[in-house]
file structure.txt (compact mmCIF, N, CA and C atoms)
# COMPACT_ATOMS: atom_id res chain seq x y z
N MET R 1 16.47 34.32 -15.79
CA MET R 1 16.02 33.01 -15.39
C MET R 1 15.24 32.37 -16.53
N VAL R 2 15.51 31.13 -16.80
CA VAL R 2 14.85 30.40 -17.86
C VAL R 2 13.52 29.86 -17.35
N SER R 3 12.48 30.02 -18.14
CA SER R 3 11.17 29.51 -17.75
C SER R 3 11.14 28.00 -17.95
N ILE R 4 10.85 27.28 -16.88
CA ILE R 4 10.79 25.82 -16.98
C ILE R 4 9.38 25.29 -16.76
N VAL R 5 8.42 26.20 -16.69
CA VAL R 5 7.02 25.81 -16.51
C VAL R 5 6.33 25.95 -17.86
N ASP R 6 5.91 24.83 -18.45
CA ASP R 6 5.22 24.91 -19.73
C ASP R 6 3.76 25.30 -19.51
N ASP R 7 3.07 25.59 -20.61
CA ASP R 7 1.68 26.05 -20.51
C ASP R 7 0.77 25.02 -19.85
N GLY R 8 1.00 23.73 -20.12
CA GLY R 8 0.18 22.69 -19.51
C GLY R 8 0.33 22.66 -18.00
N LEU R 9 1.57 22.74 -17.52
CA LEU R 9 1.80 22.74 -16.08
C LEU R 9 1.26 24.02 -15.46
N ALA R 10 1.43 25.14 -16.15
CA ALA R 10 0.90 26.41 -15.63
C ALA R 10 -0.62 26.34 -15.50
N ASP R 11 -1.29 25.71 -16.48
CA ASP R 11 -2.74 25.56 -16.41
C ASP R 11 -3.13 24.68 -15.23
N LEU R 12 -2.41 23.59 -15.03
CA LEU R 12 -2.71 22.70 -13.91
C LEU R 12 -2.47 23.39 -12.57
N LEU R 13 -1.40 24.16 -12.46
CA LEU R 13 -1.14 24.89 -11.22
C LEU R 13 -2.23 25.91 -10.95
N HIS R 14 -2.72 26.55 -12.01
CA HIS R 14 -3.82 27.50 -11.86
C HIS R 14 -5.06 26.78 -11.32
N ARG R 15 -5.34 25.59 -11.82
CA ARG R 15 -6.48 24.82 -11.33
C ARG R 15 -6.29 24.45 -9.86
N VAL R 16 -5.06 24.13 -9.47
CA VAL R 16 -4.77 23.81 -8.07
C VAL R 16 -5.09 25.01 -7.18
N VAL R 17 -4.63 26.18 -7.59
CA VAL R 17 -4.88 27.40 -6.82
C VAL R 17 -6.38 27.67 -6.72
N MET R 18 -7.11 27.44 -7.80
CA MET R 18 -8.56 27.65 -7.77
C MET R 18 -9.22 26.68 -6.79
N LEU R 19 -8.78 25.42 -6.79
CA LEU R 19 -9.34 24.44 -5.85
C LEU R 19 -9.07 24.84 -4.41
N MET R 20 -7.87 25.33 -4.14
CA MET R 20 -7.53 25.76 -2.79
C MET R 20 -8.41 26.94 -2.38
N GLY R 21 -8.63 27.86 -3.30
CA GLY R 21 -9.49 29.01 -3.01
C GLY R 21 -10.91 28.60 -2.71
N GLU R 22 -11.44 27.64 -3.49
CA GLU R 22 -12.80 27.16 -3.25
C GLU R 22 -12.90 26.48 -1.89
N ALA R 23 -11.91 25.66 -1.55
CA ALA R 23 -11.92 24.98 -0.25
C ALA R 23 -11.85 25.99 0.88
N ALA R 24 -11.04 27.03 0.71
CA ALA R 24 -10.91 28.06 1.74
C ALA R 24 -12.23 28.81 1.92
N ARG R 25 -12.90 29.13 0.81
CA ARG R 25 -14.18 29.84 0.90
C ARG R 25 -15.23 28.98 1.61
N ARG R 26 -15.28 27.70 1.28
CA ARG R 26 -16.24 26.81 1.95
C ARG R 26 -15.95 26.73 3.44
N ARG R 27 -14.69 26.66 3.80
CA ARG R 27 -14.30 26.54 5.20
C ARG R 27 -14.68 27.82 5.95
N THR R 28 -14.56 28.97 5.32
CA THR R 28 -14.92 30.23 5.95
C THR R 28 -16.42 30.28 6.24
N ASP R 29 -17.22 29.60 5.40
CA ASP R 29 -18.67 29.58 5.60
C ASP R 29 -19.10 28.66 6.74
N ASP R 30 -18.19 27.83 7.27
CA ASP R 30 -18.52 26.90 8.36
C ASP R 30 -18.37 27.64 9.68
N PRO R 31 -19.49 28.01 10.33
CA PRO R 31 -19.39 28.82 11.55
C PRO R 31 -18.77 28.10 12.74
N GLY R 32 -18.76 26.77 12.74
CA GLY R 32 -18.25 26.04 13.89
C GLY R 32 -16.80 25.64 13.77
N GLY R 33 -16.20 25.73 12.60
CA GLY R 33 -14.86 25.23 12.39
C GLY R 33 -13.83 26.33 12.26
N LEU R 34 -12.60 25.91 12.18
CA LEU R 34 -11.51 26.85 11.94
C LEU R 34 -11.54 27.30 10.49
N THR R 35 -11.20 28.54 10.24
CA THR R 35 -11.10 29.01 8.87
C THR R 35 -9.79 28.51 8.28
N TYR R 36 -9.69 28.60 6.98
CA TYR R 36 -8.46 28.21 6.30
C TYR R 36 -7.29 29.03 6.84
N SER R 37 -7.50 30.32 7.04
CA SER R 37 -6.44 31.20 7.55
C SER R 37 -5.99 30.79 8.95
N GLN R 38 -6.94 30.39 9.77
CA GLN R 38 -6.58 29.94 11.12
C GLN R 38 -5.82 28.62 11.07
N ILE R 39 -6.24 27.71 10.21
CA ILE R 39 -5.51 26.45 10.05
C ILE R 39 -4.09 26.73 9.59
N ARG R 40 -3.96 27.63 8.63
CA ARG R 40 -2.63 27.99 8.11
C ARG R 40 -1.77 28.62 9.20
N LEU R 41 -2.35 29.48 10.00
CA LEU R 41 -1.61 30.14 11.08
C LEU R 41 -1.14 29.10 12.11
N LEU R 42 -2.03 28.20 12.52
CA LEU R 42 -1.67 27.17 13.50
C LEU R 42 -0.59 26.24 12.93
N GLY R 43 -0.71 25.89 11.67
CA GLY R 43 0.29 25.02 11.04
C GLY R 43 1.65 25.69 10.95
N THR R 44 1.65 26.97 10.61
CA THR R 44 2.90 27.71 10.54
C THR R 44 3.52 27.82 11.92
N LEU R 45 2.70 28.09 12.91
CA LEU R 45 3.18 28.19 14.28
C LEU R 45 3.79 26.86 14.73
N GLU R 46 3.16 25.75 14.35
CA GLU R 46 3.71 24.45 14.72
C GLU R 46 5.12 24.26 14.17
N GLU R 47 5.37 24.80 13.00
CA GLU R 47 6.68 24.66 12.36
C GLU R 47 7.75 25.55 13.00
N ILE R 48 7.37 26.73 13.50
CA ILE R 48 8.40 27.68 13.95
C ILE R 48 8.27 28.10 15.40
N GLU R 49 7.45 27.41 16.19
CA GLU R 49 7.23 27.86 17.57
C GLU R 49 8.42 27.61 18.47
N PRO R 50 8.56 28.37 19.55
CA PRO R 50 7.78 29.58 19.78
C PRO R 50 8.25 30.67 18.82
N ALA R 51 7.34 31.50 18.43
CA ALA R 51 7.65 32.55 17.47
C ALA R 51 7.17 33.89 18.01
N THR R 52 7.89 34.92 17.67
CA THR R 52 7.38 36.25 17.99
C THR R 52 6.21 36.53 17.04
N GLN R 53 5.37 37.45 17.43
CA GLN R 53 4.27 37.82 16.55
C GLN R 53 4.83 38.35 15.23
N HIS R 54 5.92 39.09 15.29
CA HIS R 54 6.54 39.63 14.07
C HIS R 54 7.03 38.51 13.16
N ARG R 55 7.68 37.51 13.72
CA ARG R 55 8.19 36.37 12.92
C ARG R 55 7.04 35.61 12.29
N LEU R 56 5.97 35.44 13.02
CA LEU R 56 4.79 34.77 12.50
C LEU R 56 4.18 35.57 11.34
N ALA R 57 4.12 36.88 11.50
CA ALA R 57 3.62 37.75 10.43
C ALA R 57 4.49 37.61 9.18
N GLN R 58 5.79 37.60 9.36
CA GLN R 58 6.71 37.43 8.22
C GLN R 58 6.48 36.09 7.54
N ALA R 59 6.36 35.03 8.32
CA ALA R 59 6.20 33.69 7.76
C ALA R 59 4.90 33.57 6.95
N LEU R 60 3.88 34.31 7.35
CA LEU R 60 2.59 34.24 6.66
C LEU R 60 2.40 35.37 5.65
N SER R 61 3.40 36.25 5.54
CA SER R 61 3.34 37.38 4.61
C SER R 61 2.14 38.29 4.88
N VAL R 62 1.94 38.60 6.15
CA VAL R 62 0.89 39.53 6.54
C VAL R 62 1.49 40.57 7.48
N SER R 63 0.72 41.58 7.80
CA SER R 63 1.22 42.64 8.67
C SER R 63 1.20 42.20 10.14
N ASP R 64 1.98 42.88 10.96
CA ASP R 64 1.98 42.60 12.40
C ASP R 64 0.60 42.82 13.02
N PRO R 65 -0.10 43.94 12.68
CA PRO R 65 -1.44 44.11 13.24
C PRO R 65 -2.42 43.00 12.81
N ALA R 66 -2.27 42.50 11.58
CA ALA R 66 -3.15 41.41 11.12
C ALA R 66 -2.92 40.15 11.95
N ILE R 67 -1.68 39.87 12.30
CA ILE R 67 -1.38 38.70 13.14
C ILE R 67 -1.96 38.91 14.53
N SER R 68 -1.82 40.10 15.06
CA SER R 68 -2.36 40.40 16.38
C SER R 68 -3.87 40.15 16.41
N ARG R 69 -4.57 40.63 15.37
CA ARG R 69 -6.02 40.43 15.28
C ARG R 69 -6.36 38.95 15.10
N ALA R 70 -5.58 38.24 14.31
CA ALA R 70 -5.85 36.82 14.04
C ALA R 70 -5.62 35.96 15.28
N LEU R 71 -4.69 36.37 16.14
CA LEU R 71 -4.36 35.58 17.32
C LEU R 71 -5.39 35.72 18.44
N ARG R 72 -6.09 36.84 18.49
CA ARG R 72 -7.03 37.07 19.59
C ARG R 72 -8.07 35.96 19.77
N PRO R 73 -8.80 35.59 18.71
CA PRO R 73 -9.78 34.52 18.91
C PRO R 73 -9.13 33.16 19.20
N LEU R 74 -7.96 32.94 18.64
CA LEU R 74 -7.26 31.67 18.90
C LEU R 74 -6.80 31.59 20.35
N GLU R 75 -6.38 32.72 20.89
CA GLU R 75 -5.98 32.76 22.29
C GLU R 75 -7.21 32.59 23.20
N ALA R 76 -8.31 33.25 22.83
CA ALA R 76 -9.54 33.14 23.63
C ALA R 76 -10.07 31.70 23.66
N GLU R 77 -9.85 30.96 22.59
CA GLU R 77 -10.29 29.56 22.52
C GLU R 77 -9.27 28.61 23.15
N GLY R 78 -8.13 29.13 23.60
CA GLY R 78 -7.11 28.29 24.22
C GLY R 78 -6.24 27.53 23.24
N LEU R 79 -6.25 27.95 21.97
CA LEU R 79 -5.46 27.25 20.95
C LEU R 79 -4.02 27.73 20.90
N VAL R 80 -3.79 28.97 21.31
CA VAL R 80 -2.44 29.52 21.40
C VAL R 80 -2.27 30.20 22.75
N LEU R 81 -1.04 30.31 23.15
CA LEU R 81 -0.69 31.01 24.38
C LEU R 81 0.30 32.10 24.01
N ILE R 82 0.03 33.31 24.43
CA ILE R 82 0.91 34.44 24.14
C ILE R 82 1.54 34.89 25.45
N THR R 83 2.87 34.91 25.48
CA THR R 83 3.60 35.29 26.69
C THR R 83 4.59 36.40 26.36
N VAL R 84 5.05 37.05 27.41
CA VAL R 84 6.09 38.07 27.25
C VAL R 84 7.43 37.36 27.05
N ASP R 85 8.19 37.82 26.09
CA ASP R 85 9.52 37.27 25.83
C ASP R 85 10.43 37.65 27.00
N PRO R 86 11.01 36.69 27.71
CA PRO R 86 11.87 37.03 28.85
C PRO R 86 13.12 37.81 28.46
N GLU R 87 13.48 37.74 27.18
CA GLU R 87 14.67 38.47 26.71
C GLU R 87 14.36 39.88 26.25
N HIS R 88 13.11 40.18 26.04
CA HIS R 88 12.73 41.51 25.55
C HIS R 88 11.28 41.76 25.95
N ALA R 89 11.07 42.61 26.93
CA ALA R 89 9.75 42.81 27.54
C ALA R 89 8.68 43.32 26.58
N ARG R 90 9.08 43.97 25.49
CA ARG R 90 8.08 44.50 24.56
C ARG R 90 7.69 43.48 23.49
N ARG R 91 8.36 42.36 23.48
CA ARG R 91 8.10 41.33 22.46
C ARG R 91 7.20 40.24 23.04
N ARG R 92 6.31 39.71 22.22
CA ARG R 92 5.42 38.64 22.63
C ARG R 92 5.80 37.36 21.90
N LEU R 93 5.80 36.26 22.65
CA LEU R 93 6.05 34.94 22.06
C LEU R 93 4.72 34.20 21.95
N VAL R 94 4.53 33.54 20.84
CA VAL R 94 3.31 32.78 20.60
C VAL R 94 3.66 31.30 20.63
N HIS R 95 2.90 30.55 21.42
CA HIS R 95 3.09 29.11 21.56
C HIS R 95 1.80 28.42 21.15
N LEU R 96 1.92 27.28 20.52
CA LEU R 96 0.77 26.45 20.19
C LEU R 96 0.47 25.57 21.41
N THR R 97 -0.76 25.61 21.89
CA THR R 97 -1.13 24.76 23.03
C THR R 97 -1.42 23.35 22.52
N GLU R 98 -1.53 22.42 23.43
CA GLU R 98 -1.88 21.05 23.02
C GLU R 98 -3.25 21.02 22.36
N LEU R 99 -4.17 21.83 22.89
CA LEU R 99 -5.50 21.94 22.28
C LEU R 99 -5.40 22.51 20.87
N GLY R 100 -4.53 23.50 20.69
CA GLY R 100 -4.32 24.09 19.37
C GLY R 100 -3.71 23.11 18.40
N ARG R 101 -2.76 22.33 18.88
CA ARG R 101 -2.12 21.31 18.03
C ARG R 101 -3.17 20.28 17.58
N LYS R 102 -4.01 19.85 18.52
CA LYS R 102 -5.06 18.87 18.20
C LYS R 102 -6.06 19.47 17.21
N ALA R 103 -6.46 20.72 17.44
CA ALA R 103 -7.41 21.38 16.54
C ALA R 103 -6.84 21.51 15.15
N PHE R 104 -5.55 21.84 15.05
CA PHE R 104 -4.91 21.97 13.74
C PHE R 104 -4.93 20.64 13.00
N HIS R 105 -4.54 19.58 13.68
CA HIS R 105 -4.48 18.28 13.02
C HIS R 105 -5.87 17.73 12.71
N THR R 106 -6.83 18.02 13.56
CA THR R 106 -8.21 17.57 13.31
C THR R 106 -8.83 18.33 12.15
N ALA R 107 -8.65 19.64 12.12
CA ALA R 107 -9.23 20.46 11.05
C ALA R 107 -8.47 20.29 9.75
N GLY R 108 -7.18 20.08 9.84
CA GLY R 108 -6.36 19.95 8.64
C GLY R 108 -6.63 18.66 7.88
N LYS R 109 -6.99 17.59 8.57
CA LYS R 109 -7.23 16.30 7.91
C LYS R 109 -8.38 16.38 6.92
N PRO R 110 -9.56 16.90 7.30
CA PRO R 110 -10.64 17.02 6.30
C PRO R 110 -10.24 17.93 5.14
N LEU R 111 -9.50 19.00 5.41
CA LEU R 111 -9.07 19.90 4.35
C LEU R 111 -8.11 19.17 3.42
N TYR R 112 -7.20 18.39 3.99
CA TYR R 112 -6.26 17.59 3.19
C TYR R 112 -7.04 16.62 2.30
N ASP R 113 -7.99 15.91 2.89
CA ASP R 113 -8.78 14.94 2.12
C ASP R 113 -9.58 15.64 1.02
N GLU R 114 -10.17 16.78 1.36
CA GLU R 114 -10.96 17.54 0.38
C GLU R 114 -10.07 18.04 -0.75
N PHE R 115 -8.90 18.52 -0.41
CA PHE R 115 -7.97 19.02 -1.41
C PHE R 115 -7.53 17.90 -2.33
N ARG R 116 -7.15 16.76 -1.74
CA ARG R 116 -6.72 15.61 -2.55
C ARG R 116 -7.83 15.15 -3.49
N ALA R 117 -9.06 15.02 -2.96
CA ALA R 117 -10.19 14.58 -3.78
C ALA R 117 -10.47 15.60 -4.89
N GLY R 118 -10.36 16.88 -4.56
CA GLY R 118 -10.58 17.93 -5.57
C GLY R 118 -9.56 17.88 -6.68
N LEU R 119 -8.31 17.67 -6.32
CA LEU R 119 -7.26 17.55 -7.34
C LEU R 119 -7.51 16.36 -8.25
N GLU R 120 -7.83 15.24 -7.64
CA GLU R 120 -8.06 14.03 -8.43
C GLU R 120 -9.30 14.18 -9.31
N ALA R 121 -10.36 14.82 -8.80
CA ALA R 121 -11.57 15.04 -9.59
C ALA R 121 -11.30 15.98 -10.77
N ALA R 122 -10.34 16.88 -10.60
CA ALA R 122 -9.99 17.82 -11.67
C ALA R 122 -9.01 17.20 -12.66
N GLY R 123 -8.70 15.92 -12.44
CA GLY R 123 -7.79 15.25 -13.37
C GLY R 123 -6.32 15.51 -13.09
N PHE R 124 -6.02 15.95 -11.88
CA PHE R 124 -4.64 16.25 -11.50
C PHE R 124 -4.23 15.22 -10.45
N PRO R 125 -3.48 14.19 -10.85
CA PRO R 125 -3.10 13.15 -9.89
C PRO R 125 -2.35 13.72 -8.70
N TYR R 126 -2.79 13.36 -7.51
CA TYR R 126 -2.23 13.92 -6.29
C TYR R 126 -0.74 13.64 -6.15
N GLU R 127 -0.32 12.45 -6.49
CA GLU R 127 1.11 12.12 -6.37
C GLU R 127 1.95 13.02 -7.27
N ARG R 128 1.42 13.32 -8.46
CA ARG R 128 2.14 14.24 -9.35
C ARG R 128 2.20 15.64 -8.73
N TYR R 129 1.10 16.04 -8.12
CA TYR R 129 1.08 17.35 -7.44
C TYR R 129 2.18 17.41 -6.39
N LEU R 130 2.32 16.36 -5.59
CA LEU R 130 3.36 16.35 -4.56
C LEU R 130 4.75 16.44 -5.18
N GLU R 131 4.99 15.63 -6.21
CA GLU R 131 6.30 15.65 -6.88
C GLU R 131 6.59 17.02 -7.47
N ASP R 132 5.61 17.58 -8.18
CA ASP R 132 5.81 18.89 -8.82
C ASP R 132 5.99 20.00 -7.79
N THR R 133 5.27 19.91 -6.68
CA THR R 133 5.40 20.91 -5.63
C THR R 133 6.81 20.87 -5.02
N LEU R 134 7.31 19.69 -4.75
CA LEU R 134 8.67 19.56 -4.22
C LEU R 134 9.69 20.08 -5.23
N ARG R 135 9.49 19.75 -6.49
CA ARG R 135 10.41 20.23 -7.55
C ARG R 135 10.39 21.76 -7.62
N LEU R 136 9.21 22.32 -7.58
CA LEU R 136 9.08 23.79 -7.63
C LEU R 136 9.74 24.43 -6.42
N ALA R 137 9.55 23.84 -5.24
CA ALA R 137 10.19 24.39 -4.03
C ALA R 137 11.71 24.35 -4.15
N GLU R 138 12.25 23.28 -4.72
CA GLU R 138 13.71 23.19 -4.91
C GLU R 138 14.21 24.24 -5.89
N ILE R 139 13.44 24.46 -6.97
CA ILE R 139 13.82 25.47 -7.96
C ILE R 139 13.81 26.86 -7.34
N LEU R 140 12.76 27.17 -6.58
CA LEU R 140 12.65 28.49 -5.95
C LEU R 140 13.72 28.69 -4.89
N ALA R 141 14.07 27.65 -4.18
CA ALA R 141 15.11 27.75 -3.14
C ALA R 141 16.49 27.96 -3.73
N SER R 142 16.69 27.50 -4.97
CA SER R 142 18.02 27.62 -5.58
C SER R 142 18.27 28.99 -6.18
N ASP R 143 17.25 29.80 -6.33
CA ASP R 143 17.43 31.15 -6.92
C ASP R 143 17.82 32.17 -5.91
call {"tool": "encode", "arguments": {"input": "structure.txt", "output": "structure tokens"}}
result
Amino acid sequence: MVSIVDDGLADLLHRVVMLMGEAARRRTDDPGGLTYSQIRLLGTLEEIEPATQHRLAQALSVSDPAISRALRPLEAEGLVLITVDPEHARRRLVHLTELGRKAFHTAGKPLYDEFRAGLEAAGFPYERYLEDTLRLAEILASD
């Protein structure tokens, strides 16, 4: 495979990853809000629901037990609903509740705004980030 990422773009992508990490750490320190991992889990669930716990674990690249642990507080808060799969009694289906959908969109908006402002403050125009991200996704999908 030919490398199509030059050093300048690689440096900018590294800065993007650092900004995301900083935002995630700050969000984890907020005792009243959703963590970055929870926001990511709810967003992934919105895209693929209903999903088995195993499918959700695959989509997030984590283990099945990690998903089980991550879902417990979300279920207790009423953000997700876990039911028995009618086609397979040992399988659990995870559904995003309306409360969970609202929480995801409410929590995701400040994170989106923070991320955009952070990129722009770092000298990385947000529109370019979007274009480059889509281009990178197309390149990765074609391999």
call {"tool": "select_by_dssp", "arguments": {"input": "structure.txt", "residues": "region 14-138 of chain R", "states": "alpha helix (DSSP H)", "output": "ChimeraX atom specification"}}
result
/R:14-28,36-48,53-60,64-76,98-121,126-138
call {"tool": "atom_distance", "arguments": {"input": "structure.txt", "atom1": "atom N of Phe104 (chain R)", "atom2": "CA of Leu136 (chain R)"}}
result
27.1 Å
call {"tool": "atom_distance", "arguments": {"input": "structure.txt", "atom1": "CA of Leu99 (chain R)", "atom2": "CA of Glu77 (chain R)"}}
result
9.0 Å
call {"tool": "closest_residue", "arguments": {"input": "structure.txt", "among": "R:Gly78, R:Pro50, R:Tyr112, R:Ala103", "to": "Leu34 (chain R)", "atoms": "only N, CA and C atoms"}}
result
R:Ala103
call {"tool": "atom_distance", "arguments": {"input": "structure.txt", "atom1": "CA of Ala117 (chain R)", "atom2": "CA of Arg101 (chain R)"}}
result
24.2 Å
call {"tool": "closest_residue", "arguments": {"input": "structure.txt", "among": "R:His105, R:His54, R:His95, R:Arg40", "to": "Leu79 (chain R)", "atoms": "only N, CA and C atoms"}}
result
R:His95
call {"tool": "closest_residue", "arguments": {"input": "structure.txt", "among": "R:Val94, R:Pro65, R:Ala107, R:Leu81", "to": "Gly33 (chain R)", "atoms": "all atoms listed in the file"}}
result
R:Ala107
call {"tool": "closest_residue", "arguments": {"input": "structure.txt", "among": "R:Leu45, R:Met18, R:Ala51, R:Leu134", "to": "Arg92 (chain R)", "atoms": "all atoms listed in the file"}}
result
R:Ala51
call {"tool": "decode", "arguments": {"input": "structure.txt", "residues": "region 57-80 of chain R", "atoms": "N, CA, C and O atoms", "output": "PDB file, in the first residue's frame"}}
result
ATOM      1  N   ALA R  57     -20.173  -4.828  21.193  1.00  0.00           N
ATOM      2  CA  ALA R  57     -18.765  -4.976  21.582  1.00  0.00           C
ATOM      3  C   ALA R  57     -17.867  -4.946  20.347  1.00  0.00           C
ATOM      4  O   ALA R  57     -16.819  -4.292  20.345  1.00  0.00           O
ATOM      5  N   GLN R  58     -18.266  -5.648  19.305  1.00  0.00           N
ATOM      6  CA  GLN R  58     -17.484  -5.644  18.058  1.00  0.00           C
ATOM      7  C   GLN R  58     -17.401  -4.242  17.471  1.00  0.00           C
ATOM      8  O   GLN R  58     -16.330  -3.799  17.053  1.00  0.00           O
ATOM      9  N   ALA R  59     -18.522  -3.544  17.428  1.00  0.00           N
ATOM     10  CA  ALA R  59     -18.564  -2.214  16.830  1.00  0.00           C
ATOM     11  C   ALA R  59     -17.669  -1.224  17.587  1.00  0.00           C
ATOM     12  O   ALA R  59     -17.119  -0.302  16.991  1.00  0.00           O
ATOM     13  N   LEU R  60     -17.526  -1.425  18.886  1.00  0.00           N
ATOM     14  CA  LEU R  60     -16.717  -0.526  19.709  1.00  0.00           C
ATOM     15  C   LEU R  60     -15.305  -1.059  19.955  1.00  0.00           C
ATOM     16  O   LEU R  60     -14.517  -0.422  20.657  1.00  0.00           O
ATOM     17  N   SER R  61     -15.018  -2.243  19.426  1.00  0.00           N
ATOM     18  CA  SER R  61     -13.704  -2.875  19.592  1.00  0.00           C
ATOM     19  C   SER R  61     -13.345  -3.080  21.060  1.00  0.00           C
ATOM     20  O   SER R  61     -12.247  -2.754  21.505  1.00  0.00           O
ATOM     21  N   VAL R  62     -14.314  -3.595  21.812  1.00  0.00           N
ATOM     22  CA  VAL R  62     -14.075  -3.937  23.212  1.00  0.00           C
ATOM     23  C   VAL R  62     -14.583  -5.357  23.452  1.00  0.00           C
ATOM     24  O   VAL R  62     -15.249  -5.945  22.604  1.00  0.00           O
ATOM     25  N   SER R  63     -14.302  -5.882  24.619  1.00  0.00           N
ATOM     26  CA  SER R  63     -14.722  -7.243  24.927  1.00  0.00           C
ATOM     27  C   SER R  63     -16.205  -7.298  25.299  1.00  0.00           C
ATOM     28  O   SER R  63     -16.792  -6.286  25.684  1.00  0.00           O
ATOM     29  N   ASP R  64     -16.785  -8.477  25.198  1.00  0.00           N
ATOM     30  CA  ASP R  64     -18.182  -8.665  25.603  1.00  0.00           C
ATOM     31  C   ASP R  64     -18.398  -8.322  27.077  1.00  0.00           C
ATOM     32  O   ASP R  64     -19.367  -7.635  27.412  1.00  0.00           O
ATOM     33  N   PRO R  65     -17.506  -8.782  27.995  1.00  0.00           N
ATOM     34  CA  PRO R  65     -17.692  -8.406  29.396  1.00  0.00           C
ATOM     35  C   PRO R  65     -17.604  -6.888  29.622  1.00  0.00           C
ATOM     36  O   PRO R  65     -18.312  -6.347  30.467  1.00  0.00           O
ATOM     37  N   ALA R  66     -16.746  -6.201  28.859  1.00  0.00           N
ATOM     38  CA  ALA R  66     -16.640  -4.740  29.000  1.00  0.00           C
ATOM     39  C   ALA R  66     -17.955  -4.067  28.608  1.00  0.00           C
ATOM     40  O   ALA R  66     -18.391  -3.111  29.263  1.00  0.00           O
ATOM     41  N   ILE R  67     -18.598  -4.567  27.567  1.00  0.00           N
ATOM     42  CA  ILE R  67     -19.897  -4.005  27.156  1.00  0.00           C
ATOM     43  C   ILE R  67     -20.944  -4.275  28.225  1.00  0.00           C
ATOM     44  O   ILE R  67     -21.737  -3.398  28.566  1.00  0.00           O
ATOM     45  N   SER R  68     -20.931  -5.472  28.764  1.00  0.00           N
ATOM     46  CA  SER R  68     -21.884  -5.814  29.811  1.00  0.00           C
ATOM     47  C   SER R  68     -21.746  -4.864  30.998  1.00  0.00           C
ATOM     48  O   SER R  68     -22.730  -4.345  31.516  1.00  0.00           O
ATOM     49  N   ARG R  69     -20.499  -4.601  31.411  1.00  0.00           N
ATOM     50  CA  ARG R  69     -20.245  -3.680  32.526  1.00  0.00           C
ATOM     51  C   ARG R  69     -20.654  -2.253  32.159  1.00  0.00           C
ATOM     52  O   ARG R  69     -21.209  -1.530  32.986  1.00  0.00           O
ATOM     53  N   ALA R  70     -20.387  -1.839  30.936  1.00  0.00           N
ATOM     54  CA  ALA R  70     -20.699  -0.472  30.503  1.00  0.00           C
ATOM     55  C   ALA R  70     -22.202  -0.238  30.407  1.00  0.00           C
ATOM     56  O   ALA R  70     -22.680   0.880  30.622  1.00  0.00           O
ATOM     57  N   LEU R  71     -22.956  -1.295  30.086  1.00  0.00           N
ATOM     58  CA  LEU R  71     -24.401  -1.152  29.916  1.00  0.00           C
ATOM     59  C   LEU R  71     -25.153  -1.064  31.243  1.00  0.00           C
ATOM     60  O   LEU R  71     -26.228  -0.469  31.299  1.00  0.00           O
ATOM     61  N   ARG R  72     -24.604  -1.640  32.295  1.00  0.00           N
ATOM     62  CA  ARG R  72     -25.322  -1.669  33.582  1.00  0.00           C
ATOM     63  C   ARG R  72     -25.759  -0.292  34.074  1.00  0.00           C
ATOM     64  O   ARG R  72     -26.934  -0.093  34.378  1.00  0.00           O
ATOM     65  N   PRO R  73     -24.845   0.688  34.166  1.00  0.00           N
ATOM     66  CA  PRO R  73     -25.303   1.996  34.645  1.00  0.00           C
ATOM     67  C   PRO R  73     -26.244   2.692  33.657  1.00  0.00           C
ATOM     68  O   PRO R  73     -27.146   3.422  34.070  1.00  0.00           O
ATOM     69  N   LEU R  74     -26.056   2.437  32.376  1.00  0.00           N
ATOM     70  CA  LEU R  74     -26.939   3.043  31.375  1.00  0.00           C
ATOM     71  C   LEU R  74     -28.346   2.464  31.474  1.00  0.00           C
ATOM     72  O   LEU R  74     -29.336   3.183  31.327  1.00  0.00           O
ATOM     73  N   GLU R  75     -28.421   1.177  31.756  1.00  0.00           N
ATOM     74  CA  GLU R  75     -29.726   0.536  31.936  1.00  0.00           C
ATOM     75  C   GLU R  75     -30.384   1.043  33.232  1.00  0.00           C
ATOM     76  O   GLU R  75     -31.579   1.342  33.254  1.00  0.00           O
ATOM     77  N   ALA R  76     -29.589   1.169  34.294  1.00  0.00           N
ATOM     78  CA  ALA R  76     -30.122   1.645  35.573  1.00  0.00           C
ATOM     79  C   ALA R  76     -30.667   3.076  35.455  1.00  0.00           C
ATOM     80  O   ALA R  76     -31.635   3.428  36.126  1.00  0.00           O
ATOM     81  N   GLU R  77     -30.065   3.876  34.595  1.00  0.00           N
ATOM     82  CA  GLU R  77     -30.515   5.258  34.381  1.00  0.00           C
ATOM     83  C   GLU R  77     -31.660   5.341  33.372  1.00  0.00           C
ATOM     84  O   GLU R  77     -32.188   6.418  33.126  1.00  0.00           O
ATOM     85  N   GLY R  78     -32.038   4.207  32.773  1.00  0.00           N
ATOM     86  CA  GLY R  78     -33.128   4.198  31.804  1.00  0.00           C
ATOM     87  C   GLY R  78     -32.727   4.666  30.413  1.00  0.00           C
ATOM     88  O   GLY R  78     -33.590   4.997  29.599  1.00  0.00           O
ATOM     89  N   LEU R  79     -31.421   4.682  30.132  1.00  0.00           N
ATOM     90  CA  LEU R  79     -30.947   5.148  28.825  1.00  0.00           C
ATOM     91  C   LEU R  79     -30.955   4.045  27.779  1.00  0.00           C
ATOM     92  O   LEU R  79     -31.040   4.329  26.578  1.00  0.00           O
ATOM     93  N   VAL R  80     -30.839   2.802  28.229  1.00  0.00           N
ATOM     94  CA  VAL R  80     -30.925   1.651  27.334  1.00  0.00           C
ATOM     95  C   VAL R  80     -31.872   0.625  27.943  1.00  0.00           C
ATOM     96  O   VAL R  80     -32.096   0.606  29.156  1.00  0.00           O
TER      97      VAL R  80
END
